[in-house]
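One structure is given here, and the rest of the page talks about it.
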Amino acid sequence: MLSGWGRLPRPGREVRSEDLVALTRDAVLSRGLGRSYGDSSLPPPSRPQAANTTLADRILSFDERTGRLRAEAGLSAFALSRLFRPRGFVLPVSPGTQFVTLGGMVAADVHGASHHVDGCFGAHVTALRMRVADGRIVECGPEQESELFWATVGGMGLTGHILEVEFRMRTIPSPWLWVEKQRMPDIDAFMEGLKASAREWPQTKGWIDCLKRGRHLGRGVLMRARWASAEEAPARAPAARPRPAVPFEPPFSLVTPLTVRAFNSLCYHFPWRAGGIDHPDSFFYPLDVVENWNRLYGPRGFTQYQCVLPAAAGTGAARRFLELLTRRGGASMLCVIKDCGPEGKGLLSFPKEGISIALDIPVTDDTQGLVDALNEAVIGEGGRVYLAKDAFTRAEHFRAMEPRLPAWTAIRRRWDPEGRIRSAQSIRLFGDAP
Amino acid sequence: MRVVFLGATKGMGRALARLMSQRGDRLFLLGRDGADLERSARDLEVRGGAPVASARCDLEKPETVAPALDAAEAALGGIDTVVVTAGLFATQDQLEADPDLARRLLLVDFTNTVLFCEEARRRLLARGGGSLCVFSSVAGERGRKPVVLYGAAKAGLTRYLEGLDHRFRAAGLRTTCVKPGFVRTSMTDGLPAPPFAGEPEGVARRVLAAIDAGAPVVYAPAPWRWVMLVIRLLPRFVMRRVGF
C-alpha cells in the first residue's frame with residue numbers, strides 16, 4: 001500500500017534506484033518524498049508501481065556567480081538548504097515543507113510566502129531533463145520545447161518523468177530572517193493586512209482560526225518576513241532544529257473540535273514577540289518541526305483543501321468562503337491564508353491573483369460532501385483548487401474550475417498519445433485508463 | 001586525508017564520500033561507469049569545494065586495478081586512505097537459480113576485492129602506512145539460510161581483513177572492516193526491512209568516525225553489534241530452525 005501525506009492508502013509500491021534513467025524506462029509515474037496530500041503521487045491500480053526518485057540526489061553543477069544549479073530530480077529542498085544557506089544561497093521559492101524533491105517542486109509548481117513577489121518555483125527553472133512517454137530523453141526549458149516545459153511545470157508529473165532540474169538559487173544577505181507578527185481580529189482586517197504588507201514585505205502569510213464565527217470570523221495571525229541584513233543577524237548560523245516524531249498512529253484522530261479549539265486559542269493568545277530575528281525554518285516550515293505529524297489524524301487520515309479565490313471575486317470572497325466552511329462545521333486544525341500574485345506560465349499551475357486558503361480536514365463520512373460544497377462555492381467565485389493537495393474533487397468540478405485544461409491536455413496527448421504516464425489522480429480527474 | 005574511493009557513486013559509499021568531501025578530504029573516485037563517476041565527482045566538488053577526479057576500475061576486471069590506483073596516486077600526489085564499498089549483491093534465490101551470477105558474485109566479493117586490497121595495501125605500506133576501509137557485511141558472521149553464498153564471500157573477506165590488520169598494523173596499516181546490517185539503499189530495495197534497519201547517512205557518520213579512530217571492526221547501524229552478538233552465540237540447532 002502507498003499513500004500521500006494525507007494517509008489515504010491505495011494499492012501500490014515504490015521502486016528505488018540512484019539511476020533515474022533506468023528506473024523510469026518502464027515506469028508510469030515518478031514519485032518523490034510523497035508530500036502531496038492526496039493521490040497525485042499514487043500509481044494507477046493496474047500498474048501499481050511508482051518510480052521513487054529520492055536516491056537520485058546528485059548536484060550536477062553550480063555556478064557561484066549566477067546561482068544557477070542543476071541537480072537530479074530527487075534532491076530535497078532540505079538537503080539544498082543545509083548545504084547552501086551557510087554559503088548565502090537559498091531556494092528562490094520555499095514551499096510549506098522542505099521535505100520535497102526538486103522534481104516534486106516542478107510537478108506541483110510550488111509557491112510560498114513570497115508568491116506575490118517571486119511567483120512559483122517554475123518561474124525560476126531554466127531547464128528540465130525528462131523521460132517522455134515514448135522513452136526518449138528530452139531537454140526542455142522556457143526557450144527549448146517550451147510547450148512541454150510549461151505543461152510540465154505544474155503538470156503533476158503527467159507529461160513525463162523529470163530527471164534533472166536546473167534553476168536559479170537566490171542570494172541572501174544573512175542566513176536569518178527578520179519576522180513580524182500581528183493579530184488580526186477578523187477576516188476583513190486580515191485581507192487589509194495582507195494587502196498592505198505585500199507592498200513592503202517579500203514574505204507574507206497568515207494563519208486563521210477556522211472555528212471562530214460571527215464578529216471573530218477569520219481572526220488569526222499575520223506573519224511577514226524578510227531576510228535579515230548582515231548587521232541585524234547574529235554572528236552564529238541558525239542551528240539545525242531537533243525534530244521530535246509522532247512515534248505511532250493513534251487509534252483515533254487527535255484532531256477534534258476540542259483540541260483544535262485549544263490549539264487555536266493558544267496560537268492566537270500566545271505572547272510571542274511582535275518582531276525580531278527568527279530561524280528561517282520556523283517561518284517557512286513550521287510543521288516540519290514534528291516528524292510524521294500527519295499521524296495525528298489517526299487511521300482515517302486527512303485531506304487538505306486549498307483553493308484560490310481570484311481578486312476579481314472581490315474582498316468579500318474570503319469571508320463568504322469562511323462563512324460556508326464554518327456553517328458546514330469544517331473544523332480545521334490548520335488554516336493558512338496567503339495573497340497570490342499573478343498567474344504564472346505553468347499551464348496547470350495553481351496560483352492566480354487573489355487569496356489562497358488552505359485547510360487541513362480530517363476525513364469523515366461527510367468529507368466528500370464538504371469538498372463538493374466548497375468546490376461549488378469556489379467555482380462560483382471563479383477560483384480553483386490545488387492538485388497537490390487534492391483527493392476528493394470530482395472531474396466535472398475540476399473542469400469547471402480550469403479553463404486551461406483543454407490546452408494542457410492537448411500538449412500532454414501530443415507527448416503521450418496512449419496516455420501511458422498517469423496517476424491515481426489523473427484517472428480520477430482527467431479520465432485516464434485505470 | 002587523500003582518499004581513493006571504490007564505490008562512491010551509490011548507497012553508503014555515496015553518503016560516506018559526501019561526508020569526507022564536505023569536511024575537506026581530497027577524493028579520487030574509482031568505478032565501472034565513467035559517466036556515472038563524472039556525475040558523482042561533480043556532486044562532491046559542489047559539496048566540498050575541492051576538485052574530484054576519477055578513473056575506471058572494475059572488480060570484474062582485476063587488470064584495471066593497478067592502473068586505476070596509479071592514476072589516483074598521481075592525481076592526489078600520494079594516498080593515505082583507501083575505501084572500498086563496491087561489491088555485487090543478489091538474493092540467495094537469485095544465486096541458486098543462476099550459477100554464473102553466483103560465480104561472478106563470489107569472484108567479485110571475495111577474490112577480486114582481496115586482490116584490490118592487496119594492491120592498495122602494498123601502496124599504502126610503501127608510503128609508511130595509512131587506512132584501508134572495506135565494506136564487508138553482517139552476512140558473513142554466521143552461515144544463514146537467506147545469505148549462504150553472499151555470506152560465504154563476505155565471511156572470507158572479513159577474515160582476510162582481520163588477518164591483514166594483525167599482520168600489518170605495527171607497520172602502520174590501519175584496517176577497518178565495516179559490517180553493515182540492513183541499510184535502506186538501492187541494493188536492499190524491495191527486501192522486507194527488519195528492525196534496526198538504517199539509513200546510509202547514519203552509517204557513513206559511524207564509519208568515518210571508525211576510520212579516524214583506526215577501529216578494526218565497526219558495525220553499522222550501532223545496534224547490529226548486539227544483534228550479531230546474539231546471532232553468533234545461537235547454537236547450531238537453533239540456527240537450523242530459524243529463517244534468518
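Each chain in the C-alpha cells gets a letter, A, B, ..., in the order shown, and its residues are numbered from 1; ligands are numbered from 1 in order too.
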**Request:** Check the DSSP output for the backbone and give back, as an MDAnalysis selection string, the residues of region 64-132 of chain B in helix (DSSP H, G or I).
**Result:** chainID B and resid 64:76 92:97 99:126
Worksheet item: Quick one: residues within 10 Å of Arg232 (chain B), only C-alpha atoms counted, chain neighbours fewer than 5 positions away excluded, as a PyMOL selection string?
Response: chain B and resi 141-143+226-227+239
Using N, CA and C atoms, can you export the residues from the last selection as a PDB file, in the first residue's frame?
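And here is the file that came out, selection32.pdb:
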```
ATOM      1  N   GLU B 141      28.809 -13.228   9.277  1.00  0.00           N
ATOM      2  CA  GLU B 141      29.036 -13.594  10.680  1.00  0.00           C
ATOM      3  C   GLU B 141      28.648 -15.045  11.001  1.00  0.00           C
ATOM      4  N   ARG B 142      27.600 -15.532  10.347  1.00  0.00           N
ATOM      5  CA  ARG B 142      27.144 -16.913  10.555  1.00  0.00           C
ATOM      6  C   ARG B 142      26.683 -17.457   9.218  1.00  0.00           C
ATOM      7  N   GLY B 143      26.739 -18.765   9.041  1.00  0.00           N
ATOM      8  CA  GLY B 143      26.092 -19.359   7.874  1.00  0.00           C
ATOM      9  C   GLY B 143      24.598 -19.292   8.084  1.00  0.00           C
ATOM     10  N   TRP B 226      25.060  -5.740  18.658  1.00  0.00           N
ATOM     11  CA  TRP B 226      24.444  -6.588  19.686  1.00  0.00           C
ATOM     12  C   TRP B 226      23.565  -7.650  19.056  1.00  0.00           C
ATOM     13  N   VAL B 227      22.893  -7.294  17.969  1.00  0.00           N
ATOM     14  CA  VAL B 227      22.094  -8.287  17.240  1.00  0.00           C
ATOM     15  C   VAL B 227      23.004  -9.433  16.796  1.00  0.00           C
ATOM     16  N   MET B 239      19.935 -22.194  14.901  1.00  0.00           N
ATOM     17  CA  MET B 239      20.135 -21.561  13.584  1.00  0.00           C
ATOM     18  C   MET B 239      19.473 -22.381  12.484  1.00  0.00           C
TER      19      MET B 239
END
```
**Message:** Please extract the residues of region 83-226 of chain B with a backbone DSSP assignment of strand (DSSP E or B) and present them as an NGL selection string.
**Reply:** :B and (83-84 or 130-135 or 173-180 or 183 or 198 or 217-220)
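Counting only C-alpha atoms and comparing B:Leu107, B:Leu30, B:Met187, B:Cys117, the residue that lies closest to chain A is B:Met187.
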Residues of chain B within 12 Å of chain A, only C-alpha atoms counted, as an NGL selection string: :B and (8-12 or 14-15 or 18-19 or 22 or 33 or 35-49 or 184-191 or 199-201)
(Q) Neighbouring residues of Val255 (chain A) were defined as those with any atom within 9 Å, considering only C-alpha atoms; residues of the same chain fewer than 6 positions away were excluded. Please report them as a PyMOL selection string. (A) chain A and resi 296-298+331-333+362
Which residue is closest to Ile79 (chain B)? Choose from B:Glu118, B:Glu96, B:Asp25, B:Glu63 and count only C-alpha atoms.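 Using only C-alpha atoms, Ile79 (chain B) sits closest to B:Asp25.
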So how far away is CA of Arg7 (chain A) from CA of Gly301 (chain A), in Å?
->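 CA of Gly301 (chain A) sits 5.0 Å away from CA of Arg7 (chain A).
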CA of Phe167 (chain A) sits from CA of Arg35 (chain A) at a separation of 21.1 Å
Please, what distance in Å, to one decimal, runs between CA of Ala86 (chain B) and CA of Gly13 (chain B)?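 Computing the Euclidean distance for CA of Ala86 (chain B) and CA of Gly13 (chain B) yields 7.9 Å.
In terms of minimum interatomic distance to Thr85 (chain B), B:Gly31 ranks closest within B:Pro216, B:Pro195, B:Gly156, B:Gly31, counting only C-alpha atoms.
If only C-alpha atoms are the atoms counted, then among A:Ala108, A:Ala239, A:Ile137, A:Val246 the closest residue to Thr152 (chain A) is A:Ala108.
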Next item on the list: Write out as JSON, numbers by chain each polymer residue whose atoms come within 10 Å of Arg414 (chain A), counting only C-alpha atoms; drop sequence neighbours fewer than 4 positions from it.
Entry: {"A": [148, 159, 409, 410, 418, 419]}
